[in-house]
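Report on the following structure.
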Amino acid sequence: MGAVQDQIDAVLRARRAKLPLIEREQARWTAIAALLEDLAVALDDVAAVEDDGAPAVVFDVDGVGLQSIAASALAALATTRARLSRRTVNIGVSGRARNGKSTLLQSLSGLGDEQIPTGKGQPVTAVRSRIFHSDTNRSAQLTLHDGRTFCAEVVAPYFAELKLAPAPRTLADFERFDLADVGEERRRRPEYARLKEMQESLPSYRHLLTGEVRAVDVDDMRHWVAYPEGGAAGAVDERPYLAVRDAVITCRFPVAEVGAVGLIDLPGLGELVPDAEEHHLAGLENDVDFVIVVKRPDQTNAPWKSEDQAGLDLIARAGGAASIRDFMTILINTGGCDEVNIQALRNDLRHRLNEGVDDRNYLVWAADTADRAVVARDVLGRALTHLAVALPRMDAAVIDAALAQCEQAQAELTAEMERLLATVRAVSRPTAAEELIARADQVLDELVVSIQDWVAELRVRTGDAYDDAAFVERVEQLEEEIRGWAMDGFGVGRAAWVEKAHVRMRRAGASARYSTDALNAIRTEISRRFGGIDDILLRRREEFWRGMADALRPRLAGLLSGDSGQHALAGLAVALREASDPCPHLAETVETALDVRLDYRTRLLPQMRRVLDELRPEGIDPQTGAVRAPAVFPDTREGAADLYLYLNELARKAIYDAAVLLKKETRTMAEALLAYGEQFEDSFIRSETSVPEFRRLVGAYRDELWPEERTGPATATAKVQRVVRLLHAVADAAAEKVPA
């Protein structure tokens, strides 16, 4: 089985490699779902606004229905992610009670009745178990319910089935509920008997409802997962299984080289538990790669019955896009059965399910589930051999189906967003022309004053009297740090540097090569270290943006939001572009201001390189035209020391010259920012398109610009604009699809 296990290990690795694709798509659809939730609220708000007795805008759309589109995509992605995240190949064992499901699990895992109870008559296993192979570990862990999950997942389905209300939300609610006050017809139902047993036996397991994960003795599992002796019904008894939400057992399977395999004991089909089949389906979708459906053809159970087919159809649903033939097999449990009944079932399956050809649609295997050697060879061995080939096909089908569902959801949302935006454009009523012009002029007049005041502040910083002390202090700090680096033997210590230089000079038989390499290294390091000026350059740029945002804020505050000037202006540019009547010139003007280049590499590096040319090994003096040759020193220890002093002197001079250059930059930087500010003022206020676009701005965002006016048309416009922004946001998020 070693080769098969190697193939399965390769499949598991391939699965994990595909996880990032699904996780990116999940993140996108989670964001879309949040936007759709906001959109549903915004649509309700618009519908609730009345102007002159009629709704301001009527959107023919179901907000909850839009959310369901995203929910379906997220559900498909969640199931796919659960599949790809598994680090084991999980084989589910399904079937109706008394068909040998628990016996098969025992044979596969090597466990016994104390871990996986078996019995005759009524179902015995009350808790779903997951069993994983390990060569070294034998342990059991129980995840216990807390009071909330117990009421929601265990008790509530019985209340729903019996139509009892209100369903309890706490243990105290459940304990107080008077089950005696229930109609006689419902009291005759077996679900009522089960619910009554739960309530009466509550003292026996209440103390266990802690929500904790508890390690227990593997040999004591029956106490936790089995119904009381005598069946599911009967006298009041201890029922600790009711407190158990999930059981995980780790043990060594009785098959060599099993590897990363898990067995999932699925809830028995046909058990007397409300929503049993839904739990069965959820277990299949989230935990299982392959399903073995056990059918035992004894005297009373030989034919393939309608309830067997219903279970098979349920499993097929859980397989989703995977082929039924890849996802499951029907295992005929031959143990203790007459050959005539076995053959009758084989024939029934061949003709009813496989169109007269063995294994055409459904795989059909046969084994005595109690014979561990046969089960190891003909069930587990056969299943793993099948999965080594089938799993990649199933994984590809599931991934493609999930991404196809996302693509379909994207197409639906895109079309719906476009339809709704067309509705807005068709029915939105403009503000009266005279009022619009007056308000636009008012906004423009206010902004002229505040923007010019801001530009005046920028101009002051270019004057001779202005001293950017923080900038100069940062330059001096960098100069001191870099000089210290040079004086400290260029970061390695003087003695170590001289020793290394001496050795390298002797190896080369000359000093020129080493001095050339050293000068190159010193020059590039000085240039790199002066890049530390970026912190204050970028701080000045953010101050510029914040000043611009503050100049716009007195009237445009409703369109400026964010934790920095840059974010506020970027949001304004988006609002201008995505207005119901867009303002592209104003948006472009803001975006140009956001393109300020003030970093070290852009503004200073070219000049810095010229200053540092004196650290080049050779070159031409621009004043005298003389050629500077590489420095030459004897290859002795004294020569190495002299070379160090020579390079150190050159470095300190270059550091000084570079600092002088940077200190001059404070004036240049201020002049650059002033130029950007003046250009913004001209383009934003005096451009040919400024006036008409300010009118569009006022028409689109009247209520954001005058938030104090919150009645009548103002309220309607603000709420419609919120819908418009959300429609654009949903459309943009949907457009960024992840390719299959």
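Note on naming: chains are A, B, ... as they come in the structure tokens, residues start from 1 per chain, ligands start from 1 in the order shown.
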Among the residues of segment 54-90 of chain A, find those DSSP assigns to strand (DSSP E) from the backbone and print them as a PyMOL selection string. chain A and resi 54-55+89-90
Quick one: distance from atom CA of Ala376 of chain A to atom CA of Pro254 of chain A in Å, one decimal?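 Straight-line distance from atom CA of Ala376 of chain A to atom CA of Pro254 of chain A works out to 7.7 Å.
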Residues of segment 524-546 of chain A that have any atom at most 10 Å from an atom of segment 664-680 of chain A: could you tabulate them with the shortest-distance atom pair and the distance in Å to one decimal, using only C-alpha atoms, ordered by chain and increasing number, as CSV?
```
residue,atom,partner,partner_atom,distance
A:Leu537,CA,A:Met669,CA,8.4
A:Arg540,CA,A:Met669,CA,8.8
A:Arg541,CA,A:Leu673,CA,8.0
A:Phe544,CA,A:Leu673,CA,7.2
A:Trp545,CA,A:Gly677,CA,9.7
```
Which residues come within 12 Å of Tyr644 of chain A, counting only C-alpha atoms, excluding same-chain residues fewer than 5 positions away, as a PyMOL selection string? chain A and resi 486-490+493-502+511+514-515+518-519+522+631-633+637-639+649-651
Could you go through segment 20-132 of chain A and tell me which residues DSSP, when run on the backbone, assigns to helix (DSSP H, G or I), listing them as a ChimeraX atom specification? /A:20-48,63-85,101-109
Residues within 12 Å of Glu525 of chain A, please, as a list in words. Count only C-alpha atoms; anything in the same chain fewer than 5 positions from it doesn't count. Ile482, Arg483, Trp485, Ala486, Phe490, Gly491, Ala518, Leu519, Asn520, Phe530, Gly531, Gly532, Arg609, Leu612, Leu615, Ala651, Ala654 and Ile655 of chain A
Mind pulling up the distance from atom CA of Gly565 of chain A to atom CA of Glu543 of chain A?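 Taking atom CA of Glu543 of chain A as the start and atom CA of Gly565 of chain A as the end point, the length is 7.5 Å.
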Would you kindly return, as a PyMOL selection string, each protein, DNA or RNA residue with an atom no farther than 12 Å from any atom of Asp338 of chain A, considering only C-alpha atoms and excluding same-chain residues fewer than 3 positions away? chain A and resi 296-302+333-335+341-345
Using only all heavy atoms, please write the residues we just selected to a file, as a tab-separated table (two decimals), in the first residue's frame.
```
chain	number	residue	atom	x	y	z
A	296	ARG	N	-26.94	-4.48	4.62
A	296	ARG	CA	-26.86	-5.89	5.01
A	296	ARG	C	-28.11	-6.62	4.54
A	296	ARG	O	-29.21	-6.36	5.04
A	296	ARG	CB	-26.70	-6.03	6.52
A	296	ARG	CG	-26.46	-7.46	7.00
A	296	ARG	CD	-26.12	-7.47	8.49
A	296	ARG	NE	-25.78	-8.81	8.92
A	296	ARG	CZ	-26.65	-9.70	9.37
A	296	ARG	NH1	-27.93	-9.38	9.44
A	296	ARG	NH2	-26.25	-10.90	9.75
A	297	PRO	N	-27.98	-7.58	3.60
A	297	PRO	CA	-29.16	-8.25	3.05
A	297	PRO	C	-29.57	-9.48	3.86
A	297	PRO	O	-29.37	-10.62	3.42
A	297	PRO	CB	-28.67	-8.64	1.65
A	297	PRO	CG	-27.21	-8.90	1.82
A	297	PRO	CD	-26.74	-7.94	2.88
A	298	ASP	N	-30.12	-9.24	5.04
A	298	ASP	CA	-30.62	-10.39	5.81
A	298	ASP	C	-32.04	-10.72	5.34
A	298	ASP	O	-32.54	-10.17	4.36
A	298	ASP	CB	-30.57	-10.11	7.31
A	298	ASP	CG	-31.38	-8.88	7.70
A	298	ASP	OD1	-32.25	-8.46	6.90
A	298	ASP	OD2	-31.16	-8.34	8.79
A	299	GLN	N	-32.71	-11.56	6.07
A	299	GLN	CA	-34.02	-12.06	5.61
A	299	GLN	C	-35.04	-10.93	5.42
A	299	GLN	O	-35.89	-11.01	4.55
A	299	GLN	CB	-34.56	-13.08	6.64
A	299	GLN	CG	-33.75	-14.37	6.70
A	299	GLN	CD	-33.88	-15.21	5.44
A	299	GLN	OE1	-34.79	-15.02	4.65
A	299	GLN	NE2	-32.96	-16.14	5.23
A	300	THR	N	-34.94	-9.90	6.25
A	300	THR	CA	-35.96	-8.83	6.20
A	300	THR	C	-35.46	-7.58	5.50
A	300	THR	O	-36.18	-6.62	5.36
A	300	THR	CB	-36.40	-8.46	7.63
A	300	THR	OG1	-35.25	-7.98	8.35
A	300	THR	CG2	-36.97	-9.68	8.34
A	301	ASN	N	-34.20	-7.59	5.07
A	301	ASN	CA	-33.60	-6.34	4.59
A	301	ASN	C	-32.93	-6.51	3.22
A	301	ASN	O	-32.12	-5.72	2.83
A	301	ASN	CB	-32.55	-5.87	5.62
A	301	ASN	CG	-32.15	-4.41	5.41
A	301	ASN	OD1	-32.99	-3.59	5.07
A	301	ASN	ND2	-30.88	-4.12	5.60
A	302	ALA	N	-33.26	-7.61	2.52
A	302	ALA	CA	-32.53	-7.92	1.30
A	302	ALA	C	-32.80	-6.94	0.16
A	302	ALA	O	-31.86	-6.50	-0.50
A	302	ALA	CB	-32.84	-9.35	0.86
A	333	ASN	N	-22.81	-5.91	3.11
A	333	ASN	CA	-22.30	-6.60	4.30
A	333	ASN	C	-22.77	-8.04	4.25
A	333	ASN	O	-23.94	-8.34	4.50
A	333	ASN	CB	-22.80	-5.89	5.56
A	333	ASN	CG	-22.34	-6.59	6.82
A	333	ASN	OD1	-21.49	-7.49	6.78
A	333	ASN	ND2	-22.90	-6.18	7.95
A	334	THR	N	-21.86	-8.96	3.91
A	334	THR	CA	-22.24	-10.36	3.72
A	334	THR	C	-22.24	-11.16	5.01
A	334	THR	O	-22.64	-12.33	5.02
A	334	THR	CB	-21.26	-11.02	2.74
A	334	THR	OG1	-19.92	-10.97	3.30
A	334	THR	CG2	-21.26	-10.30	1.40
A	335	GLY	N	-21.79	-10.55	6.10
A	335	GLY	CA	-21.65	-11.30	7.35
A	335	GLY	C	-22.97	-11.89	7.83
A	335	GLY	O	-23.93	-11.16	8.09
A	341	ASN	N	-29.73	-14.21	-0.57
A	341	ASN	CA	-30.07	-12.82	-0.29
A	341	ASN	C	-28.99	-11.87	-0.80
A	341	ASN	O	-29.27	-10.77	-1.29
A	341	ASN	CB	-30.28	-12.61	1.20
A	341	ASN	CG	-31.56	-13.26	1.70
A	341	ASN	OD1	-32.50	-13.44	0.94
A	341	ASN	ND2	-31.58	-13.64	2.96
A	342	ILE	N	-27.73	-12.31	-0.69
A	342	ILE	CA	-26.63	-11.48	-1.18
A	342	ILE	C	-26.75	-11.29	-2.69
A	342	ILE	O	-26.65	-10.17	-3.21
A	342	ILE	CB	-25.27	-12.12	-0.82
A	342	ILE	CG1	-25.09	-12.16	0.71
A	342	ILE	CG2	-24.13	-11.37	-1.48
A	342	ILE	CD1	-23.89	-12.97	1.17
A	343	GLN	N	-27.01	-12.38	-3.39
A	343	GLN	CA	-27.13	-12.30	-4.84
A	343	GLN	C	-28.37	-11.49	-5.25
A	343	GLN	O	-28.36	-10.77	-6.25
A	343	GLN	CB	-27.19	-13.71	-5.44
A	343	GLN	CG	-25.86	-14.44	-5.41
A	343	GLN	CD	-24.74	-13.65	-6.10
A	343	GLN	OE1	-24.95	-13.01	-7.13
A	343	GLN	NE2	-23.56	-13.68	-5.48
A	344	ALA	N	-29.43	-11.65	-4.45
A	344	ALA	CA	-30.65	-10.88	-4.76
A	344	ALA	C	-30.37	-9.38	-4.68
A	344	ALA	O	-30.82	-8.60	-5.52
A	344	ALA	CB	-31.77	-11.28	-3.80
A	345	LEU	N	-29.61	-8.98	-3.66
A	345	LEU	CA	-29.28	-7.56	-3.52
A	345	LEU	C	-28.35	-7.11	-4.64
A	345	LEU	O	-28.52	-6.02	-5.21
A	345	LEU	CB	-28.64	-7.29	-2.16
A	345	LEU	CG	-28.24	-5.84	-1.88
A	345	LEU	CD1	-29.43	-4.89	-2.04
A	345	LEU	CD2	-27.64	-5.70	-0.48
```
Find the spatial neighbours of Glu418 of chain A, counting only C-alpha atoms, within a cut-off of 9 Å - ignore same-chain residues fewer than 3 positions away - and output them as a PDB file with N, CA and C atoms, in the first residue's frame.
```
ATOM      1  N   LEU A 413     -24.894  39.925  -9.975  1.00  0.00           N
ATOM      2  CA  LEU A 413     -24.752  41.178  -9.228  1.00  0.00           C
ATOM      3  C   LEU A 413     -24.392  42.333 -10.156  1.00  0.00           C
ATOM      4  N   THR A 414     -23.494  42.080 -11.099  1.00  0.00           N
ATOM      5  CA  THR A 414     -23.089  43.151 -12.022  1.00  0.00           C
ATOM      6  C   THR A 414     -24.291  43.666 -12.811  1.00  0.00           C
ATOM      7  N   ALA A 415     -25.084  42.730 -13.318  1.00  0.00           N
ATOM      8  CA  ALA A 415     -26.265  43.131 -14.087  1.00  0.00           C
ATOM      9  C   ALA A 415     -27.252  43.895 -13.210  1.00  0.00           C
ATOM     10  N   LEU A 421     -28.382  51.340 -11.079  1.00  0.00           N
ATOM     11  CA  LEU A 421     -27.771  52.641 -11.386  1.00  0.00           C
ATOM     12  C   LEU A 421     -28.540  53.354 -12.486  1.00  0.00           C
ATOM     13  N   ALA A 422     -29.025  52.588 -13.466  1.00  0.00           N
ATOM     14  CA  ALA A 422     -29.850  53.189 -14.517  1.00  0.00           C
ATOM     15  C   ALA A 422     -31.133  53.750 -13.931  1.00  0.00           C
ATOM     16  N   THR A 423     -31.686  53.044 -12.940  1.00  0.00           N
ATOM     17  CA  THR A 423     -32.898  53.534 -12.263  1.00  0.00           C
ATOM     18  C   THR A 423     -32.633  54.873 -11.598  1.00  0.00           C
ATOM     19  N   LEU A 727     -23.836  50.915  -4.713  1.00  0.00           N
ATOM     20  CA  LEU A 727     -23.964  50.203  -5.985  1.00  0.00           C
ATOM     21  C   LEU A 727     -22.625  50.163  -6.718  1.00  0.00           C
ATOM     22  N   HIS A 728     -21.935  51.304  -6.745  1.00  0.00           N
ATOM     23  CA  HIS A 728     -20.613  51.336  -7.383  1.00  0.00           C
ATOM     24  C   HIS A 728     -19.637  50.425  -6.643  1.00  0.00           C
ATOM     25  N   ALA A 731     -20.369  46.768  -7.467  1.00  0.00           N
ATOM     26  CA  ALA A 731     -19.964  46.469  -8.851  1.00  0.00           C
ATOM     27  C   ALA A 731     -18.449  46.350  -8.968  1.00  0.00           C
TER      28      ALA A 731
END
```
For a quick check of understanding, using only C-alpha atoms, which of A:Val255, A:Ala156, A:Ala322, A:Ser129 has the smallest distance to Tyr241 of chain A? A:Ser129
Between A:Lys101, A:Ala247, A:Leu420, A:His145, which is the closest to Asp62 of chain A once you count only C-alpha atoms?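 Among A:Lys101, A:Ala247, A:Leu420, A:His145, it is A:Leu420 that comes nearest to Asp62 of chain A.
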Report the distance between atom CA of Arg696 of chain A and atom CA of His567 of chain A in Å, rounded to one decimal place. 22.9 Å
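Distances from A:Asp326, A:Asp467, A:Glu446, A:Asp173 to Val364 of chain A were compared using only C-alpha atoms, and the smallest one belongs to A:Asp326.
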With distances taken over only C-alpha atoms, which residue among A:Leu84, A:Ala383, A:Val472, A:Ile131 lies nearest Val398 of chain A?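 Once distances to Val398 of chain A are computed over only C-alpha atoms, the minimum belongs to A:Leu84.
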